[in-house]
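Beneath this line is the structure, given in structure tokens, with notes to follow.
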Amino acid sequence: MLAVTADDHRAAGPVAVLANPTAGRGRHRGLLPRVLDGLATAGRPVELLTAHTPAEAEAACRAAVAAGASALVTVGGDGTVHQALQVVAGTAVPFGPVPAGTGNDFAADTGFPADPLAAVEVIAAALRAGRTHPVDLARMSTAGGADRWYGAVLAAGFDAIVNERANRMRWPRGPRRYDLAILVELARLRPRRYTLRLDGAEHHVDAVLIAVGNCASYGGGMRICPAADPTDGLLDVVVGGRFDRRTLIRVKPRIYAGTHVAHPLVRSYRARTVEVAAEGITTYADGERSLDLPVRITAVPGAVRLLR
């Protein structure tokens, strides 16, 4: 009789699927049955996880992996991906993102099709072939022992401040709340003093924008760190300096093409380890509220195995 190893059990385990029904403002809500059917063509059982909050989503992923899931797949945007990465990062459990959110930057920047069903076909084919593609992740930590992973971009400047403002507001609902938060924070705009340590080299900068990218894009296709490569073992740091309101409004649209880095007030760096410190800033990673500054961010090569 052939011995059955733990790896054999893992390979035969179910494909766990974390779906966010509110992703993309619900426009892909009716797609889920077709996604599940497409994944089932890989010849493995498919298990749909139940969660109603980000904390429940992370806990459901963790329980599924602990129970022997052979892979983890998300159906949603970068926020849903972010929850799953906390569980699969640094493990042998492969991961596939089905892009169905308002922001699908991690999936796009790591080579998945923009169409959700086309992405399902790629993931199912990889499952059938036993094929994975390792890419880097960024690991955040604080002196207090907090630890988080992210796949796309960490924002620690104006965009993070706007997100924090929007999350505190109770009115209006929907995207108008974010628009109003932008107007409020533009009126209060001022450069903040940051200390950056890039592989140990210290820089003191007055800045409005700070982004640390494992991938190039955030916010649904804004190429804030246009040269970032999630396979090079490095983080790209983009610093937008002493912008006034008028300059920031002019430069912001250029981020979609990545041409903002040519502006004389923008500086770009590359490092394996990045430390960012400033007073009163809460970071946003993959668009999700994350850790307060100061934080230490490390590029971890091949930290996640993608199904493509």
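Chain identifiers are assigned as A, B, and so on, following the order in which chains appear in the structure tokens; residues are numbered from 1 within each chain, and ligands are numbered from 1 in order of appearance.
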
Any chance you could list, as an MDAnalysis selection string, the residues in range 90-281 of chain A that come up strand (DSSP E) when DSSP is run on the backbone?
-> chainID A and resid 95:99 133:141 147:150 153:155 192:198 201:207 209:213 235:240 266:271 273:277

Range 83-98 of chain A surroundings by only C-alpha atoms, 8 Å radius, close-in-sequence under 4 positions cut, as a VMD selection string = chain A and resid 18 54 57 to 58 61 to 62 65 69 to 76 79 107 112 116 to 117 119 to 120 123 132 137 148 to 151 303 to 308

Could you save those same residues with N, CA and C atoms as a CSV table (one decimal), in the first residue's frame?
```csv
chain,number,residue,atom,x,y,z
A,18,LEU,N,-13.5,32.6,-0.9
A,18,LEU,CA,-14.0,33.8,-0.1
A,18,LEU,C,-14.6,34.8,-1.1
A,54,PRO,N,-14.7,42.0,7.6
A,54,PRO,CA,-13.3,41.6,7.3
A,54,PRO,C,-12.7,40.7,8.3
A,57,ALA,N,-14.0,37.3,7.7
A,57,ALA,CA,-13.4,36.8,6.4
A,57,ALA,C,-12.0,36.2,6.7
A,58,GLU,N,-11.2,36.9,7.4
A,58,GLU,CA,-9.9,36.4,7.7
A,58,GLU,C,-9.9,35.1,8.6
A,61,CYS,N,-11.0,32.2,6.4
A,61,CYS,CA,-9.8,31.7,5.6
A,61,CYS,C,-8.9,30.9,6.4
A,62,ARG,N,-8.6,31.4,7.6
A,62,ARG,CA,-7.6,30.7,8.5
A,62,ARG,C,-8.2,29.3,8.8
A,65,VAL,N,-7.9,26.9,5.8
A,65,VAL,CA,-6.5,26.5,5.5
A,65,VAL,C,-6.1,25.5,6.6
A,69,ALA,N,-7.6,23.0,3.3
A,69,ALA,CA,-7.9,23.5,1.9
A,69,ALA,C,-6.7,23.4,1.0
A,70,SER,N,-6.9,22.9,-0.2
A,70,SER,CA,-5.8,22.8,-1.1
A,70,SER,C,-5.4,24.1,-1.8
A,71,ALA,N,-6.3,25.1,-1.8
A,71,ALA,CA,-6.1,26.4,-2.4
A,71,ALA,C,-7.1,27.4,-1.8
A,72,LEU,N,-6.8,28.6,-1.9
A,72,LEU,CA,-7.7,29.7,-1.5
A,72,LEU,C,-7.9,30.6,-2.7
A,73,VAL,N,-9.2,30.9,-3.0
A,73,VAL,CA,-9.6,31.8,-4.1
A,73,VAL,C,-10.5,32.9,-3.5
A,74,THR,N,-10.2,34.2,-3.9
A,74,THR,CA,-11.1,35.3,-3.5
A,74,THR,C,-11.9,35.7,-4.7
A,75,VAL,N,-13.2,36.2,-4.5
A,75,VAL,CA,-14.0,36.8,-5.5
A,75,VAL,C,-14.4,38.2,-4.9
A,76,GLY,N,-13.7,39.2,-5.4
A,76,GLY,CA,-13.9,40.5,-4.9
A,76,GLY,C,-12.8,41.4,-5.3
A,79,GLY,N,-9.6,44.6,-1.2
A,79,GLY,CA,-9.8,44.4,0.2
A,79,GLY,C,-10.0,42.9,0.5
A,107,ALA,N,-4.6,41.8,-8.6
A,107,ALA,CA,-4.8,40.8,-9.6
A,107,ALA,C,-4.2,41.3,-11.0
A,112,PHE,N,-3.3,38.6,-13.9
A,112,PHE,CA,-4.6,37.9,-14.1
A,112,PHE,C,-5.5,38.8,-15.0
A,116,PRO,N,-13.7,38.6,-14.8
A,116,PRO,CA,-13.7,37.6,-13.7
A,116,PRO,C,-13.7,36.2,-14.2
A,117,LEU,N,-14.5,35.9,-15.2
A,117,LEU,CA,-14.6,34.5,-15.7
A,117,LEU,C,-13.4,34.0,-16.4
A,119,ALA,N,-10.4,35.0,-15.5
A,119,ALA,CA,-9.5,34.8,-14.4
A,119,ALA,C,-9.8,33.4,-13.8
A,120,VAL,N,-11.1,33.0,-13.7
A,120,VAL,CA,-11.5,31.7,-13.2
A,120,VAL,C,-10.9,30.6,-14.1
A,123,ILE,N,-7.2,30.3,-13.2
A,123,ILE,CA,-7.0,29.6,-11.9
A,123,ILE,C,-7.3,28.1,-12.0
A,132,THR,N,1.9,26.8,-10.1
A,132,THR,CA,1.9,28.1,-9.3
A,132,THR,C,3.0,29.0,-9.7
A,137,LEU,N,5.5,39.6,-1.5
A,137,LEU,CA,4.5,40.4,-0.8
A,137,LEU,C,5.3,41.3,0.1
A,148,ARG,N,1.3,42.7,9.6
A,148,ARG,CA,0.3,42.5,8.5
A,148,ARG,C,1.1,42.4,7.2
A,149,TRP,N,0.4,41.7,6.3
A,149,TRP,CA,0.9,41.6,4.9
A,149,TRP,C,0.1,42.5,4.0
A,150,TYR,N,0.7,42.9,2.9
A,150,TYR,CA,-0.1,43.5,1.8
A,150,TYR,C,0.6,43.1,0.4
A,151,GLY,N,-0.3,43.2,-0.6
A,151,GLY,CA,0.2,42.8,-1.9
A,151,GLY,C,0.5,43.9,-2.9
A,303,ALA,N,6.6,35.2,-1.5
A,303,ALA,CA,5.8,34.9,-0.2
A,303,ALA,C,4.4,34.3,-0.5
A,304,VAL,N,3.9,34.4,-1.8
A,304,VAL,CA,2.6,33.8,-2.1
A,304,VAL,C,2.8,33.1,-3.4
A,305,ARG,N,2.1,31.9,-3.6
A,305,ARG,CA,2.1,31.1,-4.8
A,305,ARG,C,0.8,31.4,-5.5
A,306,LEU,N,0.8,32.1,-6.6
A,306,LEU,CA,-0.4,32.4,-7.4
A,306,LEU,C,-0.7,31.3,-8.4
A,307,LEU,N,-2.1,31.1,-8.5
A,307,LEU,CA,-2.6,30.1,-9.4
A,307,LEU,C,-2.8,30.7,-10.8
A,308,ARG,N,-1.7,30.7,-11.6
A,308,ARG,CA,-1.7,31.2,-13.0
A,308,ARG,C,-0.6,30.6,-13.8
```

Please, which residues in range 56-104 of chain A fall within 9 Å of range 268-289 of chain A when counting only C-alpha atoms, and what is the closest atom pair and distance in Å to one decimal for each, ordered by chain then residue number, as a Markdown table?
```
| residue | atom | partner | partner_atom | distance |
| --- | --- | --- | --- | --- |
| A:Asp78 | CA | A:Asp286 | CA | 5.7 |
| A:Gly79 | CA | A:Glu288 | CA | 6.0 |
| A:Val81 | CA | A:Asp286 | CA | 8.2 |
| A:His82 | CA | A:Asp286 | CA | 6.3 |
| A:Gly103 | CA | A:Gly287 | CA | 8.5 |
```

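Residue neighbourhood of Arg246 in chain A, excluding near-sequence residues (fewer than 4 positions): Leu186, Ala187, Leu189, Arg242, Arg250, Val251 and Lys252 of chain A, at 12 Å, using only C-alpha atoms.
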
Go ahead and save the picked residues with N, CA, C and O atoms, as a PDB file, in the first residue's frame.
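Here's the written file out.pdb:
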```pdb
ATOM      1  N   LEU A 186      -8.317  68.540   1.283  1.00  0.00           N
ATOM      2  CA  LEU A 186      -7.630  69.507   0.425  1.00  0.00           C
ATOM      3  C   LEU A 186      -7.578  70.876   1.108  1.00  0.00           C
ATOM      4  O   LEU A 186      -6.566  71.590   1.037  1.00  0.00           O
ATOM      5  N   ALA A 187      -8.677  71.241   1.763  1.00  0.00           N
ATOM      6  CA  ALA A 187      -8.715  72.527   2.462  1.00  0.00           C
ATOM      7  C   ALA A 187      -7.713  72.564   3.616  1.00  0.00           C
ATOM      8  O   ALA A 187      -7.220  73.646   3.976  1.00  0.00           O
ATOM      9  N   LEU A 189      -4.823  70.808   3.579  1.00  0.00           N
ATOM     10  CA  LEU A 189      -3.586  70.222   3.071  1.00  0.00           C
ATOM     11  C   LEU A 189      -2.346  70.948   3.600  1.00  0.00           C
ATOM     12  O   LEU A 189      -2.257  72.174   3.554  1.00  0.00           O
ATOM     13  N   ARG A 242       6.498  68.931  -1.251  1.00  0.00           N
ATOM     14  CA  ARG A 242       5.741  70.046  -0.693  1.00  0.00           C
ATOM     15  C   ARG A 242       4.733  70.592  -1.714  1.00  0.00           C
ATOM     16  O   ARG A 242       4.809  71.749  -2.149  1.00  0.00           O
ATOM     17  N   ARG A 250      -3.368  69.302  -9.960  1.00  0.00           N
ATOM     18  CA  ARG A 250      -2.829  69.157 -11.312  1.00  0.00           C
ATOM     19  C   ARG A 250      -2.088  67.833 -11.497  1.00  0.00           C
ATOM     20  O   ARG A 250      -2.163  67.219 -12.553  1.00  0.00           O
ATOM     21  N   VAL A 251      -1.370  67.407 -10.470  1.00  0.00           N
ATOM     22  CA  VAL A 251      -0.522  66.217 -10.590  1.00  0.00           C
ATOM     23  C   VAL A 251      -1.328  64.936 -10.427  1.00  0.00           C
ATOM     24  O   VAL A 251      -1.021  63.919 -11.066  1.00  0.00           O
ATOM     25  N   LYS A 252      -2.359  64.939  -9.607  1.00  0.00           N
ATOM     26  CA  LYS A 252      -3.102  63.713  -9.282  1.00  0.00           C
ATOM     27  C   LYS A 252      -3.547  62.929 -10.510  1.00  0.00           C
ATOM     28  O   LYS A 252      -3.369  61.702 -10.567  1.00  0.00           O
TER      29      LYS A 252
END
```

Quick one: residues within 7 Å of range 35-42 of chain A, only C-alpha atoms counted, chain neighbours fewer than 4 positions away excluded, as number ranges by chain?
-> A: 31, 46, 117, 120-121, 124-125, 127-128

Excluding Val238 in chain A and residues on its chain fewer than 4 positions from it, collect all residues at most 9 Å away from it, counting only C-alpha atoms, and give them as an mmCIF file with N, CA and C atoms, in the first residue's frame.
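Writing done, so here's out18.cif:
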```cif
data_model
loop_
_atom_site.group_PDB
_atom_site.id
_atom_site.type_symbol
_atom_site.label_atom_id
_atom_site.label_comp_id
_atom_site.auth_asym_id
_atom_site.auth_seq_id
_atom_site.Cartn_x
_atom_site.Cartn_y
_atom_site.Cartn_z
ATOM 1 N N LEU A 209 2.478 63.162 -0.312
ATOM 2 C CA LEU A 209 2.211 61.788 -0.747
ATOM 3 C C LEU A 209 3.361 60.876 -0.351
ATOM 4 N N ILE A 210 3.021 59.733 0.236
ATOM 5 C CA ILE A 210 4.005 58.684 0.531
ATOM 6 C C ILE A 210 3.354 57.356 0.147
ATOM 7 N N ALA A 211 4.019 56.608 -0.729
ATOM 8 C CA ALA A 211 3.517 55.290 -1.120
ATOM 9 C C ALA A 211 4.667 54.307 -1.147
ATOM 10 N N VAL A 212 4.400 53.105 -0.642
ATOM 11 C CA VAL A 212 5.397 52.028 -0.654
ATOM 12 C C VAL A 212 4.771 50.862 -1.404
ATOM 13 N N GLY A 213 5.280 50.592 -2.608
ATOM 14 C CA GLY A 213 4.637 49.635 -3.500
ATOM 15 C C GLY A 213 5.394 48.337 -3.674
ATOM 16 N N ILE A 224 0.749 54.602 -8.921
ATOM 17 C CA ILE A 224 1.483 55.457 -7.994
ATOM 18 C C ILE A 224 2.961 55.087 -7.927
ATOM 19 N N CYS A 225 3.281 53.795 -8.052
ATOM 20 C CA CYS A 225 4.670 53.307 -8.043
ATOM 21 C C CYS A 225 4.913 52.600 -9.377
ATOM 22 N N VAL A 261 5.821 60.753 -11.648
ATOM 23 C CA VAL A 261 7.175 60.597 -11.095
ATOM 24 C C VAL A 261 8.185 61.508 -11.781
ATOM 25 N N VAL A 266 8.587 65.154 -6.985
ATOM 26 C CA VAL A 266 8.425 63.725 -6.701
ATOM 27 C C VAL A 266 9.796 63.044 -6.711
ATOM 28 N N ARG A 267 10.032 62.208 -5.719
ATOM 29 C CA ARG A 267 11.253 61.424 -5.624
ATOM 30 C C ARG A 267 10.882 59.943 -5.531
ATOM 31 N N SER A 268 11.678 59.099 -6.175
ATOM 32 C CA SER A 268 11.451 57.647 -6.150
ATOM 33 C C SER A 268 12.688 56.948 -5.604
ATOM 34 N N TYR A 269 12.433 55.908 -4.812
ATOM 35 C CA TYR A 269 13.510 55.125 -4.212
ATOM 36 C C TYR A 269 13.166 53.650 -4.352
ATOM 37 N N ARG A 270 14.162 52.809 -4.060
ATOM 38 C CA ARG A 270 13.935 51.366 -4.082
ATOM 39 C C ARG A 270 14.750 50.754 -2.947
#
```

Can you pull out every residue within 12 Å of Ala108 in chain A, counting only C-alpha atoms, but drop anything in the same chain fewer than 2 positions away, and send it as a ChimeraX atom specification?
-> /A:77-78,96-101,103-106,110-116,119,151-152,215-218,220-223,230

File dump, residues just selected, N, CA and C atoms, as a PDB file, in the first residue's frame:
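Output file result.pdb is given in full below:
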```
ATOM      1  N   GLY A  77     -12.514  42.482  -4.592  1.00  0.00           N
ATOM      2  CA  GLY A  77     -11.467  43.423  -4.944  1.00  0.00           C
ATOM      3  C   GLY A  77     -10.251  43.282  -4.063  1.00  0.00           C
ATOM      4  N   ASP A  78      -9.465  44.365  -3.995  1.00  0.00           N
ATOM      5  CA  ASP A  78      -8.217  44.321  -3.242  1.00  0.00           C
ATOM      6  C   ASP A  78      -8.443  44.110  -1.749  1.00  0.00           C
ATOM      7  N   GLY A  96      -5.591  32.324  -5.641  1.00  0.00           N
ATOM      8  CA  GLY A  96      -6.048  32.899  -6.901  1.00  0.00           C
ATOM      9  C   GLY A  96      -7.052  34.005  -6.670  1.00  0.00           C
ATOM     10  N   PRO A  97      -6.811  35.228  -7.167  1.00  0.00           N
ATOM     11  CA  PRO A  97      -7.790  36.310  -7.048  1.00  0.00           C
ATOM     12  C   PRO A  97      -8.672  36.412  -8.290  1.00  0.00           C
ATOM     13  N   VAL A  98      -9.982  36.345  -8.108  1.00  0.00           N
ATOM     14  CA  VAL A  98     -10.938  36.606  -9.189  1.00  0.00           C
ATOM     15  C   VAL A  98     -11.337  38.076  -9.064  1.00  0.00           C
ATOM     16  N   PRO A  99     -10.954  38.933 -10.019  1.00  0.00           N
ATOM     17  CA  PRO A  99     -11.175  40.371  -9.859  1.00  0.00           C
ATOM     18  C   PRO A  99     -12.640  40.757 -10.039  1.00  0.00           C
ATOM     19  N   ALA A 100     -13.285  41.180  -8.951  1.00  0.00           N
ATOM     20  CA  ALA A 100     -14.706  41.529  -9.002  1.00  0.00           C
ATOM     21  C   ALA A 100     -14.998  42.724  -8.107  1.00  0.00           C
ATOM     22  N   GLY A 101     -13.995  43.568  -7.886  1.00  0.00           N
ATOM     23  CA  GLY A 101     -14.173  44.722  -7.013  1.00  0.00           C
ATOM     24  C   GLY A 101     -14.075  46.027  -7.765  1.00  0.00           C
ATOM     25  N   GLY A 103     -11.615  48.076  -7.064  1.00  0.00           N
ATOM     26  CA  GLY A 103     -10.172  48.110  -7.263  1.00  0.00           C
ATOM     27  C   GLY A 103      -9.636  46.693  -7.302  1.00  0.00           C
ATOM     28  N   ASN A 104      -8.987  46.333  -8.407  1.00  0.00           N
ATOM     29  CA  ASN A 104      -8.442  44.977  -8.577  1.00  0.00           C
ATOM     30  C   ASN A 104      -6.960  45.058  -8.926  1.00  0.00           C
ATOM     31  N   ASP A 105      -6.262  45.908  -8.209  1.00  0.00           N
ATOM     32  CA  ASP A 105      -4.888  46.227  -8.581  1.00  0.00           C
ATOM     33  C   ASP A 105      -3.935  45.059  -8.410  1.00  0.00           C
ATOM     34  N   PHE A 106      -4.074  44.303  -7.328  1.00  0.00           N
ATOM     35  CA  PHE A 106      -3.155  43.185  -7.129  1.00  0.00           C
ATOM     36  C   PHE A 106      -3.320  42.158  -8.237  1.00  0.00           C
ATOM     37  N   THR A 110      -0.377  41.359 -11.153  1.00  0.00           N
ATOM     38  CA  THR A 110       0.287  40.052 -11.097  1.00  0.00           C
ATOM     39  C   THR A 110      -0.146  39.142 -12.245  1.00  0.00           C
ATOM     40  N   GLY A 111      -0.808  39.724 -13.259  1.00  0.00           N
ATOM     41  CA  GLY A 111      -0.999  38.999 -14.508  1.00  0.00           C
ATOM     42  C   GLY A 111      -2.317  38.296 -14.720  1.00  0.00           C
ATOM     43  N   PHE A 112      -3.331  38.574 -13.891  1.00  0.00           N
ATOM     44  CA  PHE A 112      -4.638  37.939 -14.082  1.00  0.00           C
ATOM     45  C   PHE A 112      -5.502  38.765 -15.023  1.00  0.00           C
ATOM     46  N   PRO A 113      -6.352  38.106 -15.820  1.00  0.00           N
ATOM     47  CA  PRO A 113      -7.247  38.852 -16.712  1.00  0.00           C
ATOM     48  C   PRO A 113      -8.202  39.733 -15.914  1.00  0.00           C
ATOM     49  N   ALA A 114      -8.611  40.848 -16.532  1.00  0.00           N
ATOM     50  CA  ALA A 114      -9.548  41.747 -15.868  1.00  0.00           C
ATOM     51  C   ALA A 114     -10.952  41.161 -15.803  1.00  0.00           C
ATOM     52  N   ASP A 115     -11.309  40.302 -16.767  1.00  0.00           N
ATOM     53  CA  ASP A 115     -12.628  39.680 -16.768  1.00  0.00           C
ATOM     54  C   ASP A 115     -12.678  38.564 -15.721  1.00  0.00           C
ATOM     55  N   PRO A 116     -13.655  38.598 -14.799  1.00  0.00           N
ATOM     56  CA  PRO A 116     -13.678  37.597 -13.733  1.00  0.00           C
ATOM     57  C   PRO A 116     -13.717  36.155 -14.232  1.00  0.00           C
ATOM     58  N   ALA A 119     -10.442  35.043 -15.522  1.00  0.00           N
ATOM     59  CA  ALA A 119      -9.535  34.762 -14.408  1.00  0.00           C
ATOM     60  C   ALA A 119      -9.829  33.395 -13.802  1.00  0.00           C
ATOM     61  N   GLY A 151      -0.260  43.181  -0.602  1.00  0.00           N
ATOM     62  CA  GLY A 151       0.193  42.750  -1.908  1.00  0.00           C
ATOM     63  C   GLY A 151       0.461  43.880  -2.872  1.00  0.00           C
ATOM     64  N   ALA A 152      -0.288  44.988  -2.781  1.00  0.00           N
ATOM     65  CA  ALA A 152      -0.204  46.053  -3.788  1.00  0.00           C
ATOM     66  C   ALA A 152       0.594  47.241  -3.262  1.00  0.00           C
ATOM     67  N   CYS A 215       3.520  46.305  -5.722  1.00  0.00           N
ATOM     68  CA  CYS A 215       3.016  46.398  -7.092  1.00  0.00           C
ATOM     69  C   CYS A 215       2.932  47.876  -7.486  1.00  0.00           C
ATOM     70  N   ALA A 216       2.552  48.111  -8.723  1.00  0.00           N
ATOM     71  CA  ALA A 216       2.576  49.476  -9.252  1.00  0.00           C
ATOM     72  C   ALA A 216       1.360  50.307  -8.860  1.00  0.00           C
ATOM     73  N   SER A 217       0.172  49.658  -8.717  1.00  0.00           N
ATOM     74  CA  SER A 217      -1.084  50.411  -8.718  1.00  0.00           C
ATOM     75  C   SER A 217      -1.850  50.315  -7.409  1.00  0.00           C
ATOM     76  N   TYR A 218      -2.659  51.351  -7.176  1.00  0.00           N
ATOM     77  CA  TYR A 218      -3.660  51.317  -6.114  1.00  0.00           C
ATOM     78  C   TYR A 218      -4.866  52.116  -6.575  1.00  0.00           C
ATOM     79  N   GLY A 220      -7.666  51.393  -7.927  1.00  0.00           N
ATOM     80  CA  GLY A 220      -8.339  51.055  -9.174  1.00  0.00           C
ATOM     81  C   GLY A 220      -7.601  51.526 -10.411  1.00  0.00           C
ATOM     82  N   GLY A 221      -6.284  51.305 -10.449  1.00  0.00           N
ATOM     83  CA  GLY A 221      -5.521  51.595 -11.654  1.00  0.00           C
ATOM     84  C   GLY A 221      -4.654  52.831 -11.605  1.00  0.00           C
ATOM     85  N   MET A 222      -4.503  53.452 -10.433  1.00  0.00           N
ATOM     86  CA  MET A 222      -3.601  54.597 -10.294  1.00  0.00           C
ATOM     87  C   MET A 222      -2.181  54.072 -10.103  1.00  0.00           C
ATOM     88  N   ARG A 223      -1.301  54.340 -11.061  1.00  0.00           N
ATOM     89  CA  ARG A 223       0.047  53.766 -11.064  1.00  0.00           C
ATOM     90  C   ARG A 223       0.984  54.642 -10.223  1.00  0.00           C
ATOM     91  N   PRO A 230       6.528  43.045  -8.615  1.00  0.00           N
ATOM     92  CA  PRO A 230       6.325  42.119  -7.493  1.00  0.00           C
ATOM     93  C   PRO A 230       7.134  40.833  -7.586  1.00  0.00           C
TER      94      PRO A 230
END
```

Got a sec: who's within 10 Å of His204 in chain A, counting only C-alpha atoms, leaving out chain neighbours fewer than 2 positions off, as a PyMOL selection string?
-> chain A and resi 193-197+202+206-207+277

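Minimum atom-to-atom distance to Asp229 in chain A, evaluated using only C-alpha atoms, belongs to A:Asn214 out of A:Ala126, A:Leu183, A:Leu265, A:Asn214.
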